[in-house]
$ cat upload.tsv   # TSV, C-alpha atoms
chain	number	residue	atom	x	y	z
A	1	MET	CA	25.90	-28.63	31.17
A	2	GLU	CA	24.63	-28.77	27.60
A	3	GLN	CA	21.78	-26.39	26.74
A	4	ILE	CA	19.33	-27.90	24.24
A	5	GLY	CA	16.40	-26.12	22.64
A	6	ILE	CA	13.22	-28.01	21.78
A	7	PHE	CA	11.24	-26.67	18.82
A	8	GLY	CA	8.16	-28.72	18.01
A	9	GLY	CA	5.39	-28.33	15.47
A	10	SER	CA	3.81	-29.88	12.41
A	11	PHE	CA	6.36	-28.26	10.03
A	12	ASN	CA	3.79	-28.57	7.29
A	13	PRO	CA	5.83	-27.40	5.43
A	14	PRO	CA	8.99	-26.12	7.13
A	15	HIS	CA	9.70	-22.54	6.03
A	16	ILE	CA	12.38	-19.93	6.56
A	17	GLY	CA	10.52	-18.54	9.57
A	18	HIS	CA	11.11	-21.84	11.40
A	19	ILE	CA	14.81	-21.83	10.59
A	20	GLN	CA	15.27	-18.16	11.48
A	21	ALA	CA	13.45	-18.64	14.78
A	22	ALA	CA	15.51	-21.66	15.77
A	23	GLU	CA	18.83	-19.96	14.93
A	24	TYR	CA	17.80	-16.76	16.68
A	25	ALA	CA	16.85	-18.67	19.84
A	26	ALA	CA	20.14	-20.56	19.80
A	27	ALA	CA	22.10	-17.31	19.62
A	28	GLU	CA	20.03	-15.34	22.14
A	29	LEU	CA	19.75	-18.11	24.73
A	30	GLY	CA	23.20	-19.64	24.37
A	31	LEU	CA	21.90	-23.01	23.21
A	32	SER	CA	24.42	-25.56	21.98
A	33	ARG	CA	21.81	-26.97	19.62
A	34	VAL	CA	18.12	-26.87	18.80
A	35	LEU	CA	16.12	-30.02	18.08
A	36	LEU	CA	13.33	-29.52	15.53
A	37	ILE	CA	10.74	-32.19	16.26
A	38	PRO	CA	7.83	-32.77	13.82
A	39	ALA	CA	4.68	-34.04	15.53
A	40	LEU	CA	2.90	-37.19	14.42
A	41	GLU	CA	-0.46	-36.01	15.80
A	42	PRO	CA	-0.40	-32.47	17.26
A	43	PRO	CA	-2.56	-32.27	20.39
A	44	HIS	CA	-4.00	-28.81	19.68
A	45	LYS	CA	-5.00	-29.14	16.02
A	46	GLN	CA	-5.72	-31.69	13.34
A	47	LEU	CA	-3.41	-31.93	10.36
A	48	PRO	CA	-5.35	-30.79	7.27
A	49	PRO	CA	-6.40	-33.17	4.49
A	50	GLY	CA	-3.62	-33.76	2.00
A	51	THR	CA	-0.85	-33.36	4.57
A	52	PRO	CA	2.34	-35.11	3.41
A	53	THR	CA	3.30	-38.36	5.09
A	54	PRO	CA	5.38	-38.22	8.28
A	55	ALA	CA	8.37	-39.46	6.28
A	56	GLN	CA	7.94	-36.61	3.78
A	57	ARG	CA	7.67	-33.96	6.50
A	58	LEU	CA	10.78	-35.40	8.12
A	59	GLU	CA	12.69	-35.34	4.82
A	60	MET	CA	11.68	-31.71	4.17
A	61	LEU	CA	12.90	-30.75	7.63
A	62	HIS	CA	16.25	-32.46	7.03
A	63	LEU	CA	16.60	-30.42	3.84
A	64	ALA	CA	15.63	-27.25	5.70
A	65	VAL	CA	18.31	-27.55	8.40
A	66	ALA	CA	21.13	-28.46	6.01
A	67	GLY	CA	23.95	-25.94	6.42
A	68	HIS	CA	22.77	-24.89	9.90
A	69	PRO	CA	25.16	-26.70	12.29
A	70	LYS	CA	23.24	-25.85	15.49
A	71	LEU	CA	19.96	-27.19	14.14
A	72	GLU	CA	19.11	-30.89	14.26
A	73	VAL	CA	16.03	-32.91	13.36
A	74	SER	CA	14.57	-35.49	15.74
A	75	ASP	CA	11.98	-38.11	14.79
A	76	VAL	CA	11.18	-38.88	18.43
A	77	GLU	CA	7.48	-38.01	17.98
A	78	LEU	CA	7.07	-39.59	14.55
A	79	THR	CA	8.25	-42.95	15.84
A	80	ARG	CA	5.88	-42.85	18.81
A	81	GLU	CA	2.25	-43.76	18.15
A	82	GLY	CA	-0.64	-41.58	19.23
A	83	THR	CA	-0.90	-37.91	20.12
A	84	SER	CA	2.44	-36.11	20.33
A	85	TYR	CA	2.33	-34.75	23.89
A	86	THR	CA	5.26	-32.54	24.90
A	87	CYS	CA	5.50	-34.08	28.36
A	88	ASP	CA	6.17	-37.53	26.84
A	89	THR	CA	8.77	-36.10	24.46
A	90	LEU	CA	10.61	-34.30	27.24
A	91	ARG	CA	10.73	-37.44	29.41
A	92	LEU	CA	12.32	-39.39	26.57
A	93	LEU	CA	14.79	-36.62	25.77
A	94	ARG	CA	15.87	-36.41	29.42
A	95	GLN	CA	16.60	-40.13	29.34
A	96	GLN	CA	18.66	-39.67	26.18
A	97	HIS	CA	20.47	-36.55	27.47
A	98	PRO	CA	20.58	-36.85	31.29
A	99	GLN	CA	23.16	-34.08	31.68
A	100	ALA	CA	21.34	-31.50	29.52
A	101	GLU	CA	19.05	-28.61	30.38
A	102	PHE	CA	16.14	-28.03	28.04
A	103	THR	CA	14.46	-24.89	26.75
A	104	LEU	CA	11.06	-25.24	25.11
A	105	LEU	CA	10.57	-22.76	22.25
A	106	LEU	CA	6.99	-21.57	21.80
A	107	GLY	CA	4.98	-19.20	19.68
A	108	SER	CA	2.84	-16.71	21.55
A	109	ASP	CA	-0.40	-18.62	20.94
A	110	MET	CA	0.91	-21.84	22.49
A	111	PHE	CA	2.62	-19.96	25.31
A	112	GLN	CA	-0.70	-18.48	26.40
A	113	ILE	CA	-2.19	-21.95	26.99
A	114	VAL	CA	0.91	-23.87	28.08
A	115	ASP	CA	-0.41	-24.15	31.65
A	116	GLN	CA	-3.35	-26.13	30.23
A	117	TRP	CA	-1.23	-28.78	28.53
A	118	LYS	CA	-1.13	-32.41	29.62
A	119	ASN	CA	1.07	-32.70	32.72
A	120	ALA	CA	1.75	-28.98	32.52
A	121	GLU	CA	3.22	-28.75	36.01
A	122	GLU	CA	5.88	-31.31	35.13
A	123	ILE	CA	6.84	-29.29	32.05
A	124	LEU	CA	6.82	-25.94	33.87
A	125	GLN	CA	8.97	-27.09	36.79
A	126	ASN	CA	11.60	-28.90	34.73
A	127	THR	CA	11.94	-26.90	31.52
A	128	ARG	CA	12.75	-23.30	30.71
A	129	LEU	CA	10.20	-21.68	28.39
A	130	ALA	CA	11.13	-19.25	25.63
A	131	VAL	CA	8.34	-17.45	23.80
A	132	PHE	CA	8.64	-15.59	20.49
A	133	CYS	CA	6.89	-12.21	20.55
A	134	ARG	CA	6.12	-10.47	17.25
A	135	GLY	CA	5.74	-7.15	19.02
A	136	GLY	CA	2.07	-6.20	18.75
A	137	LYS	CA	0.72	-4.31	21.76
A	138	ARG	CA	-2.03	-6.81	22.56
A	139	GLU	CA	0.35	-9.74	22.08
A	140	ARG	CA	2.88	-8.16	24.45
A	141	GLU	CA	0.17	-7.65	27.07
A	142	LEU	CA	-1.01	-11.26	26.89
A	143	ILE	CA	2.52	-12.63	27.00
A	144	GLY	CA	3.33	-10.39	29.97
A	145	GLN	CA	0.29	-11.60	31.87
A	146	MET	CA	1.15	-15.26	31.31
A	147	GLU	CA	4.82	-14.63	32.08
A	148	GLN	CA	3.94	-13.19	35.49
A	149	LYS	CA	1.54	-16.05	36.17
A	150	LEU	CA	4.19	-18.66	35.38
A	151	LEU	CA	6.98	-16.86	37.25
A	152	SER	CA	4.78	-16.82	40.36
A	153	ARG	CA	4.63	-20.62	40.08
A	154	GLY	CA	8.42	-20.91	39.93
A	155	SER	CA	8.77	-21.37	36.17
A	156	SER	CA	11.65	-19.98	34.12
A	157	VAL	CA	10.56	-17.82	31.19
A	158	ALA	CA	12.46	-15.93	28.49
A	159	VAL	CA	10.68	-13.58	26.07
A	160	LEU	CA	12.35	-13.25	22.68
A	161	LYS	CA	11.59	-10.31	20.41
A	162	ASN	CA	10.79	-11.96	17.12
A	163	PRO	CA	12.77	-10.47	14.21
A	164	ILE	CA	12.02	-13.36	11.85
A	165	THR	CA	10.02	-13.52	8.64
A	166	GLU	CA	6.36	-13.57	9.61
A	167	ILE	CA	4.63	-16.38	7.76
A	168	SER	CA	2.75	-19.44	8.92
A	169	SER	CA	2.70	-22.91	7.42
A	170	THR	CA	-1.00	-22.39	6.69
A	171	GLN	CA	-0.22	-19.29	4.64
A	172	MET	CA	2.68	-21.11	3.02
A	173	ARG	CA	0.34	-23.85	1.81
A	174	ARG	CA	-2.00	-21.25	0.32
A	175	LEU	CA	0.83	-19.54	-1.54
A	176	LEU	CA	2.04	-22.84	-2.95
A	177	ALA	CA	-1.46	-23.68	-4.12
A	178	PHE	CA	-1.56	-20.31	-5.88
A	179	GLY	CA	1.71	-21.07	-7.64
A	180	CYS	CA	4.12	-18.87	-5.69
A	181	GLY	CA	5.88	-18.37	-2.34
A	182	GLU	CA	9.00	-20.47	-2.80
A	183	GLU	CA	11.14	-17.57	-1.59
A	184	PHE	CA	9.82	-18.40	1.89
A	185	LEU	CA	11.15	-21.97	1.75
A	186	PRO	CA	14.64	-23.11	2.74
A	187	HIS	CA	16.96	-24.27	-0.04
A	188	GLY	CA	15.89	-27.62	-1.46
A	189	VAL	CA	12.45	-27.71	0.14
A	190	GLY	CA	10.66	-26.07	-2.79
A	191	ALA	CA	12.16	-28.51	-5.29
A	192	TYR	CA	11.17	-31.41	-3.03
A	193	ILE	CA	7.59	-30.14	-2.80
A	194	ARG	CA	7.28	-29.70	-6.56
A	195	GLY	CA	8.96	-33.02	-7.30
A	196	ASN	CA	6.48	-34.85	-5.07
A	197	GLY	CA	3.44	-32.79	-6.04
A	198	LEU	CA	2.81	-31.73	-2.43
A	199	TYR	CA	0.47	-28.93	-1.31
A	200	ASP	CA	-1.51	-28.93	-4.57
A	201	THR	CA	1.51	-27.78	-6.60
A	202	ASN	CA	0.56	-30.19	-9.41
A	203	ALA	CA	-3.21	-29.81	-9.07
A	204	ASN	CA	-5.34	-29.00	-12.11
A	205	TRP	CA	-8.23	-26.85	-10.89
A	206	LYS	CA	-9.22	-25.27	-14.17
A	207	ASN	CA	-12.94	-25.33	-14.99
A	208	LEU	CA	-13.93	-27.53	-12.07
A	209	PRO	CA	-17.58	-28.51	-11.70
A	210	MET	CA	-19.30	-26.43	-9.03
A	211	GLU	CA	-19.29	-29.12	-6.34
A	212	GLN	CA	-15.55	-29.77	-6.72
A	213	LEU	CA	-14.82	-26.04	-6.92
A	214	GLU	CA	-16.61	-25.49	-3.62
A	215	GLN	CA	-14.55	-28.21	-1.93
A	216	VAL	CA	-11.27	-26.66	-3.09
A	217	VAL	CA	-12.30	-23.10	-2.22
A	218	VAL	CA	-13.49	-24.01	1.28
A	219	ARG	CA	-10.16	-25.69	1.96
A	220	LEU	CA	-8.23	-22.56	0.97
A	221	LEU	CA	-10.36	-20.07	2.90
A	222	HIS	CA	-9.92	-19.04	6.51
A	223	PRO	CA	-12.52	-21.15	8.36
A	224	GLY	CA	-14.22	-18.01	9.68
A	225	ARG	CA	-14.92	-16.81	6.14
A	226	VAL	CA	-16.62	-19.92	4.76
A	227	ARG	CA	-20.18	-18.97	5.78
A	228	HIS	CA	-19.80	-15.53	4.21
A	229	VAL	CA	-18.48	-16.91	0.93
A	230	LEU	CA	-21.20	-19.54	0.60
A	231	GLY	CA	-23.81	-16.92	1.50
A	232	CYS	CA	-22.39	-14.59	-1.13
A	233	ARG	CA	-22.44	-17.37	-3.72
A	234	ASP	CA	-26.11	-18.12	-3.06
A	235	THR	CA	-27.04	-14.42	-3.06
A	236	CYS	CA	-25.23	-13.90	-6.36
A	237	VAL	CA	-27.33	-16.66	-7.91
A	238	GLU	CA	-30.57	-15.14	-6.58
A	239	LEU	CA	-29.65	-11.71	-7.94
A	240	ALA	CA	-28.57	-13.16	-11.28
A	241	ARG	CA	-31.94	-14.87	-11.59
A	242	ARG	CA	-33.71	-11.58	-10.76
A	243	TRP	CA	-31.68	-9.42	-13.16
A	244	GLY	CA	-31.11	-11.84	-16.03
A	245	ALA	CA	-27.38	-12.46	-15.58
A	246	ASP	CA	-25.71	-15.82	-16.12
A	247	GLU	CA	-26.33	-17.82	-12.94
A	248	GLN	CA	-23.30	-20.05	-13.45
A	249	ASP	CA	-20.98	-17.05	-13.79
A	250	ALA	CA	-22.59	-15.47	-10.74
A	251	ALA	CA	-22.16	-18.60	-8.64
A	252	ARG	CA	-18.51	-19.04	-9.58
A	253	ALA	CA	-17.68	-15.37	-9.01
A	254	GLY	CA	-19.42	-15.44	-5.62
A	255	LEU	CA	-17.58	-18.59	-4.61
A	256	LEU	CA	-14.16	-17.29	-5.66
A	257	HIS	CA	-14.46	-13.62	-4.73
A	258	ASP	CA	-12.53	-13.98	-1.43
A	259	ILE	CA	-10.21	-16.81	-2.47
A	260	THR	CA	-7.10	-14.83	-1.43
A	261	LYS	CA	-8.66	-12.94	1.48
A	262	ALA	CA	-6.78	-15.04	4.05
A	263	LEU	CA	-3.43	-13.65	2.88
A	264	ASP	CA	-2.25	-10.61	4.84
A	265	GLY	CA	-1.10	-7.36	3.23
A	266	PRO	CA	2.57	-8.29	2.65
A	267	LEU	CA	1.59	-11.64	1.15
A	268	GLN	CA	-0.89	-9.88	-1.15
A	269	LEU	CA	2.09	-7.94	-2.47
A	270	THR	CA	4.04	-11.20	-2.80
A	271	LEU	CA	1.27	-12.68	-4.93
A	272	CYS	CA	1.09	-9.58	-7.15
A	273	ALA	CA	4.86	-9.68	-7.68
A	274	ALA	CA	4.77	-13.39	-8.53
A	275	TYR	CA	2.06	-12.73	-11.13
A	276	GLY	CA	3.92	-9.75	-12.57
A	277	LYS	CA	1.21	-7.27	-11.61
A	278	ILE	CA	2.33	-3.62	-11.44
A	279	LEU	CA	0.42	-1.75	-8.72
A	280	ASP	CA	-0.68	1.85	-8.40
A	281	ASP	CA	0.30	4.03	-5.42
A	282	PHE	CA	-2.97	3.43	-3.55
A	283	SER	CA	-2.65	-0.36	-3.75
A	284	ARG	CA	0.93	-0.31	-2.54
A	285	LYS	CA	-0.06	1.94	0.35
A	286	TYR	CA	-3.11	-0.17	1.30
A	287	PRO	CA	-2.19	-3.76	0.39
A	288	LYS	CA	-5.05	-5.17	2.46
A	289	THR	CA	-7.41	-3.90	-0.26
A	290	LEU	CA	-5.67	-6.10	-2.83
A	291	HIS	CA	-7.60	-9.32	-2.25
A	292	ALA	CA	-10.07	-8.43	-5.01
A	293	LEU	CA	-7.24	-8.01	-7.52
A	294	THR	CA	-5.29	-11.05	-6.37
A	295	GLY	CA	-8.50	-13.07	-6.22
A	296	SER	CA	-9.19	-12.23	-9.85
A	297	LEU	CA	-5.62	-13.20	-10.82
A	298	VAL	CA	-5.95	-16.55	-9.05
A	299	ALA	CA	-9.42	-17.12	-10.52
A	300	GLU	CA	-8.00	-16.66	-14.01
A	301	ARG	CA	-4.63	-18.41	-13.69
A	302	ILE	CA	-5.35	-21.22	-11.23
A	303	PHE	CA	-9.06	-21.87	-11.81
A	304	GLY	CA	-9.34	-20.94	-15.51
A	305	GLU	CA	-12.39	-18.70	-15.06
A	306	ASN	CA	-13.72	-16.64	-17.93
A	307	GLU	CA	-13.24	-12.89	-18.35
A	308	ARG	CA	-16.71	-12.08	-17.00
A	309	VAL	CA	-16.10	-13.89	-13.72
A	310	VAL	CA	-12.57	-12.51	-13.38
A	311	SER	CA	-13.74	-8.93	-13.90
A	312	ALA	CA	-16.58	-9.28	-11.38
A	313	ILE	CA	-14.17	-10.58	-8.73
A	314	CYS	CA	-11.68	-7.80	-9.45
A	315	SER	CA	-14.21	-5.02	-8.79
A	316	HIS	CA	-16.14	-6.57	-5.90
A	317	THR	CA	-14.43	-4.51	-3.16
A	318	THR	CA	-13.90	-1.04	-4.62
A	319	GLY	CA	-16.24	-1.06	-7.56
A	320	LYS	CA	-15.23	0.73	-10.76
A	321	ALA	CA	-16.65	3.01	-13.43
A	322	ASN	CA	-19.39	1.67	-15.72
A	323	MET	CA	-19.97	-1.66	-13.97
A	324	ASN	CA	-21.95	-4.28	-15.87
A	325	THR	CA	-24.79	-6.32	-14.35
A	326	LEU	CA	-22.66	-9.22	-13.11
A	327	GLU	CA	-20.13	-6.85	-11.55
A	328	LYS	CA	-22.91	-5.01	-9.75
A	329	ILE	CA	-24.37	-8.30	-8.52
A	330	VAL	CA	-21.13	-9.55	-6.96
A	331	TYR	CA	-20.41	-6.18	-5.33
A	332	VAL	CA	-23.90	-5.94	-3.82
A	333	ALA	CA	-24.11	-9.63	-2.84
A	334	ASP	CA	-20.80	-9.38	-0.99
A	335	TYR	CA	-22.24	-6.44	0.95
A	336	MET	CA	-25.64	-7.85	1.90
A	337	GLU	CA	-25.49	-11.67	1.94
A	338	PRO	CA	-27.48	-13.22	4.82
A	339	ASN	CA	-24.59	-13.32	7.29
A	340	ARG	CA	-24.00	-9.56	7.12
A	341	ASP	CA	-25.41	-7.54	10.01
A	342	PHE	CA	-24.95	-3.76	10.18
A	343	PRO	CA	-27.18	-0.66	10.20
A	344	GLY	CA	-28.71	-0.19	6.77
A	345	VAL	CA	-28.25	-3.73	5.49
A	346	GLU	CA	-32.01	-4.41	5.30
A	347	ARG	CA	-32.52	-1.35	3.13
A	348	LEU	CA	-29.70	-2.56	0.90
A	349	ARG	CA	-31.27	-6.03	0.62
A	350	SER	CA	-34.60	-4.55	-0.38
A	351	LEU	CA	-33.03	-2.33	-3.02
A	352	ALA	CA	-30.96	-5.19	-4.44
A	353	PHE	CA	-34.09	-6.89	-5.77
A	354	SER	CA	-35.94	-3.74	-6.82
A	355	ASP	CA	-33.20	-1.45	-8.18
A	356	LEU	CA	-29.76	-3.03	-8.51
A	357	THR	CA	-28.03	0.20	-9.54
A	358	ALA	CA	-29.51	2.05	-6.56
A	359	ALA	CA	-28.28	-0.76	-4.29
A	360	LEU	CA	-24.80	-0.42	-5.78
A	361	LYS	CA	-24.86	3.34	-5.22
A	362	LEU	CA	-25.99	2.90	-1.62
A	363	GLY	CA	-23.26	0.35	-0.97
A	364	LEU	CA	-20.59	2.66	-2.36
A	365	GLU	CA	-21.90	5.60	-0.33
A	366	MET	CA	-21.92	3.54	2.86
A	367	THR	CA	-18.37	2.36	2.19
A	368	LEU	CA	-17.10	5.87	1.55
A	369	GLU	CA	-18.82	7.16	4.68
A	370	HIS	CA	-17.24	4.40	6.74
A	371	LEU	CA	-13.79	5.13	5.32
A	372	LYS	CA	-14.26	8.83	6.04
A	373	ASN	CA	-15.18	8.10	9.65
A	374	GLN	CA	-12.10	5.90	9.99
A	375	GLY	CA	-9.86	8.58	8.55
A	376	CYS	CA	-8.91	6.36	5.60
A	377	GLU	CA	-8.35	7.28	1.99
A	378	VAL	CA	-10.91	6.35	-0.62
A	379	SER	CA	-9.86	4.12	-3.50
A	380	PRO	CA	-9.80	5.99	-6.84
A	381	GLN	CA	-11.90	3.16	-8.30
A	382	SER	CA	-14.61	3.69	-5.68
A	383	ALA	CA	-14.70	7.42	-6.33
A	384	GLN	CA	-14.96	6.84	-10.07
A	385	ALA	CA	-17.74	4.26	-9.60
A	386	LEU	CA	-19.80	6.67	-7.52
A	387	ASP	CA	-19.20	9.56	-9.92
A	388	CYS	CA	-20.61	7.47	-12.75
A	389	LEU	CA	-23.74	6.72	-10.77
A	390	LYS	CA	-24.28	10.35	-9.84
$ encode --input "upload.tsv" --output "structure tokens"
Amino acid sequence: MEQIGIFGGSFNPPHIGHIQAAEYAAAELGLSRVLLIPALEPPHKQLPPGTPTPAQRLEMLHLAVAGHPKLEVSDVELTREGTSYTCDTLRLLRQQHPQAEFTLLLGSDMFQIVDQWKNAEEILQNTRLAVFCRGGKRERELIGQMEQKLLSRGSSVAVLKNPITEISSTQMRRLLAFGCGEEFLPHGVGAYIRGNGLYDTNANWKNLPMEQLEQVVVRLLHPGRVRHVLGCRDTCVELARRWGADEQDAARAGLLHDITKALDGPLQLTLCAAYGKILDDFSRKYPKTLHALTGSLVAERIFGENERVVSAICSHTTGKANMNTLEKIVYVADYMEPNRDFPGVERLRSLAFSDLTAALKLGLEMTLEHLKNQGCEVSPQSAQALDCLK
């Protein structure tokens, strides 16, 4: 009996992680082939604005699987109107392949809610499930709990240790917007994206008016960070008005200061490499601290911001020696904007409008104390900034 893997998703865009996962599953589970099925309307999320057409996503996926004989593309969900429910897809595939057994390939997030899907019992009783596990302790625990729950209901479950490149389509879209990341795309897909101007690869975002800049920035941020960034922007303007700095520069720096924050540590390094930035030992050891640097690089190259704004973004996390007024404002505003809530924040807010330098010093001291309590190293830039103030 033929063993067929089913790998669904938005594939927006398809990246090497998708291809590696599909090939790995085929080898580990003894599948004769894996069908990659792009969804027309995913049931668990909305496709973001600017998503390529279904025909374009299908064409990218065909390019991605070229040269991989066990991988095939199916348009079964793109040719069916409405929400792309897995139960409907499986019914149609069983009609097309009545002698086959099917294995549904899932990421850990979808696996943990698969029993809540439409007609879940039909899926669970008639389809083997295979879940990719990246290996984190909490992820393993959650997968184990769901595995036991499903096994007790008579389902068939396989857990696959995930050795593939860890990148999401969401992160891929951010990298493309920042002018890099093509090494994570299968052969031919990057050229197709550039040739069709997909994922903002041909966008001109230099010197955007504030309203348009906000729209672009909000789209590139993690949704959970939007309130903080807008709060920081508004606080920067208030502090600029109090201390005589340029309010436009302050607003733009506040809006862009976390533009690359959604990228994880390895992707921060990817962005630095793409921009030709040579890093010091501390930055290579703690790549999660790099979002200030990469944010400044993106602000300059992608958004065309001036040197004052770029410098303020670059120092907003660690500080640096001899900070100017705008740099102090962005550092302090990031620390005490209205959505922040931690012991000492009210004192910091009061100082920010009465003695900006004292507020900066307090913020640096609080950061260093926190790092000390966590057993973490202190950035050389932070140490130098505090030495100057002492």
$ residues_around --input "upload.tsv" --residues "Leu386 of chain A" --least-positions-apart "5" --cutoff "10 Å" --atoms "only C-alpha atoms" --output "list of chain:residue names"
A:Gly319, A:Lys320, A:Ala321, A:Asn322, A:Leu360, A:Lys361, A:Leu362, A:Gly363, A:Leu364, A:Glu365, A:Leu368, A:Gln381
$ closest_residue --input "upload.tsv" --among "A:Leu213, A:Ala352, A:Leu326, A:Met1" --to "Gly244 of chain A" --atoms "only C-alpha atoms"
A:Leu326
$ residues_around --input "upload.tsv" --residues "Leu71 of chain A" --least-positions-apart "5" --cutoff "8 Å" --atoms "only C-alpha atoms" --output "ChimeraX atom specification"
/A:22-23,33-36,65
$ write_last_selection --input "upload.tsv" --atoms "C-alpha atoms" --output "PDB file, keeping the file's coordinate frame"
ATOM      1  CA  ALA A  22      15.510 -21.660  15.770  1.00  0.00           C
ATOM      2  CA  GLU A  23      18.830 -19.960  14.930  1.00  0.00           C
ATOM      3  CA  ARG A  33      21.810 -26.970  19.620  1.00  0.00           C
ATOM      4  CA  VAL A  34      18.120 -26.870  18.800  1.00  0.00           C
ATOM      5  CA  LEU A  35      16.120 -30.020  18.080  1.00  0.00           C
ATOM      6  CA  LEU A  36      13.330 -29.520  15.530  1.00  0.00           C
ATOM      7  CA  VAL A  65      18.310 -27.550   8.400  1.00  0.00           C
TER       8      VAL A  65
END
$ atom_distance --input "upload.tsv" --atom1 "atom CA of Gln268 of chain A" --atom2 "atom CA of Gly181 of chain A"
10.9 Å
$ closest_atom_pairs --input "upload.tsv" --of "segment 167-271 of chain A" --to "segment 50-61 of chain A" --cutoff "8 Å" --atoms "only C-alpha atoms" --output "tab-separated table"
residue	atom	partner	partner_atom	distance
A:Val189	CA	A:Met60	CA	5.7
A:Tyr192	CA	A:Met60	CA	7.2
A:Leu198	CA	A:Pro52	CA	6.8
A:Tyr199	CA	A:Gly50	CA	7.1
$ closest_residue --input "upload.tsv" --among "A:Trp243, A:Phe282, A:Tyr331, A:Trp205" --to "Ser311 of chain A" --atoms "all atoms listed in the file"
A:Tyr331
$ atom_distance --input "upload.tsv" --atom1 "atom CA of Gln248 of chain A" --atom2 "atom CA of Ala292 of chain A"
19.5 Å
$ atom_distance --input "upload.tsv" --atom1 "atom CA of Asn204 of chain A" --atom2 "atom CA of Ile302 of chain A"
7.8 Å
$ closest_residue --input "upload.tsv" --among "A:Ser168, A:Ser296, A:Ser155, A:Gln95" --to "Leu271 of chain A" --atoms "all atoms listed in the file"
A:Ser296
$ closest_residue --input "upload.tsv" --among "A:Val330, A:Glu121, A:Asn12, A:Tyr335" --to "Leu47 of chain A" --atoms "only C-alpha atoms"
A:Asn12
$ build_atoms --input "upload.tsv" --residues "segment 10-21 of chain A" --atoms "N, CA, C and O atoms" --output "PDB file, in the frame of the given file"
ATOM      1  N   SER A  10       4.142 -28.977  13.513  1.00  0.00           N
ATOM      2  CA  SER A  10       3.810 -29.880  12.410  1.00  0.00           C
ATOM      3  C   SER A  10       4.800 -29.724  11.257  1.00  0.00           C
ATOM      4  O   SER A  10       4.987 -30.648  10.473  1.00  0.00           O
ATOM      5  N   PHE A  11       5.420 -28.533  11.130  1.00  0.00           N
ATOM      6  CA  PHE A  11       6.360 -28.260  10.030  1.00  0.00           C
ATOM      7  C   PHE A  11       5.746 -28.711   8.706  1.00  0.00           C
ATOM      8  O   PHE A  11       6.301 -29.534   7.981  1.00  0.00           O
ATOM      9  N   ASN A  12       4.625 -28.092   8.396  1.00  0.00           N
ATOM     10  CA  ASN A  12       3.790 -28.570   7.290  1.00  0.00           C
ATOM     11  C   ASN A  12       3.438 -27.440   6.312  1.00  0.00           C
ATOM     12  O   ASN A  12       2.289 -27.011   6.263  1.00  0.00           O
ATOM     13  N   PRO A  13       4.434 -26.958   5.536  1.00  0.00           N
ATOM     14  CA  PRO A  13       5.830 -27.400   5.430  1.00  0.00           C
ATOM     15  C   PRO A  13       6.748 -26.563   6.313  1.00  0.00           C
ATOM     16  O   PRO A  13       6.348 -25.512   6.814  1.00  0.00           O
ATOM     17  N   PRO A  14       8.018 -26.988   6.465  1.00  0.00           N
ATOM     18  CA  PRO A  14       8.990 -26.120   7.130  1.00  0.00           C
ATOM     19  C   PRO A  14       9.311 -24.932   6.236  1.00  0.00           C
ATOM     20  O   PRO A  14       9.439 -25.085   5.019  1.00  0.00           O
ATOM     21  N   HIS A  15       9.411 -23.739   6.826  1.00  0.00           N
ATOM     22  CA  HIS A  15       9.700 -22.540   6.030  1.00  0.00           C
ATOM     23  C   HIS A  15      10.822 -21.747   6.693  1.00  0.00           C
ATOM     24  O   HIS A  15      11.309 -22.122   7.769  1.00  0.00           O
ATOM     25  N   ILE A  16      11.222 -20.663   6.053  1.00  0.00           N
ATOM     26  CA  ILE A  16      12.380 -19.930   6.560  1.00  0.00           C
ATOM     27  C   ILE A  16      12.100 -19.305   7.924  1.00  0.00           C
ATOM     28  O   ILE A  16      13.025 -19.077   8.700  1.00  0.00           O
ATOM     29  N   GLY A  17      10.841 -19.050   8.249  1.00  0.00           N
ATOM     30  CA  GLY A  17      10.520 -18.540   9.570  1.00  0.00           C
ATOM     31  C   GLY A  17      10.923 -19.524  10.661  1.00  0.00           C
ATOM     32  O   GLY A  17      11.414 -19.128  11.723  1.00  0.00           O
ATOM     33  N   HIS A  18      10.696 -20.829  10.424  1.00  0.00           N
ATOM     34  CA  HIS A  18      11.110 -21.840  11.400  1.00  0.00           C
ATOM     35  C   HIS A  18      12.623 -21.819  11.599  1.00  0.00           C
ATOM     36  O   HIS A  18      13.104 -21.853  12.741  1.00  0.00           O
ATOM     37  N   ILE A  19      13.353 -21.772  10.503  1.00  0.00           N
ATOM     38  CA  ILE A  19      14.810 -21.830  10.590  1.00  0.00           C
ATOM     39  C   ILE A  19      15.352 -20.568  11.255  1.00  0.00           C
ATOM     40  O   ILE A  19      16.238 -20.631  12.131  1.00  0.00           O
ATOM     41  N   GLN A  20      14.830 -19.412  10.867  1.00  0.00           N
ATOM     42  CA  GLN A  20      15.270 -18.160  11.480  1.00  0.00           C
ATOM     43  C   GLN A  20      14.985 -18.150  12.980  1.00  0.00           C
ATOM     44  O   GLN A  20      15.810 -17.706  13.782  1.00  0.00           O
ATOM     45  N   ALA A  21      13.818 -18.629  13.368  1.00  0.00           N
ATOM     46  CA  ALA A  21      13.450 -18.640  14.780  1.00  0.00           C
ATOM     47  C   ALA A  21      14.376 -19.541  15.582  1.00  0.00           C
ATOM     48  O   ALA A  21      14.833 -19.182  16.677  1.00  0.00           O
TER      49      ALA A  21
END
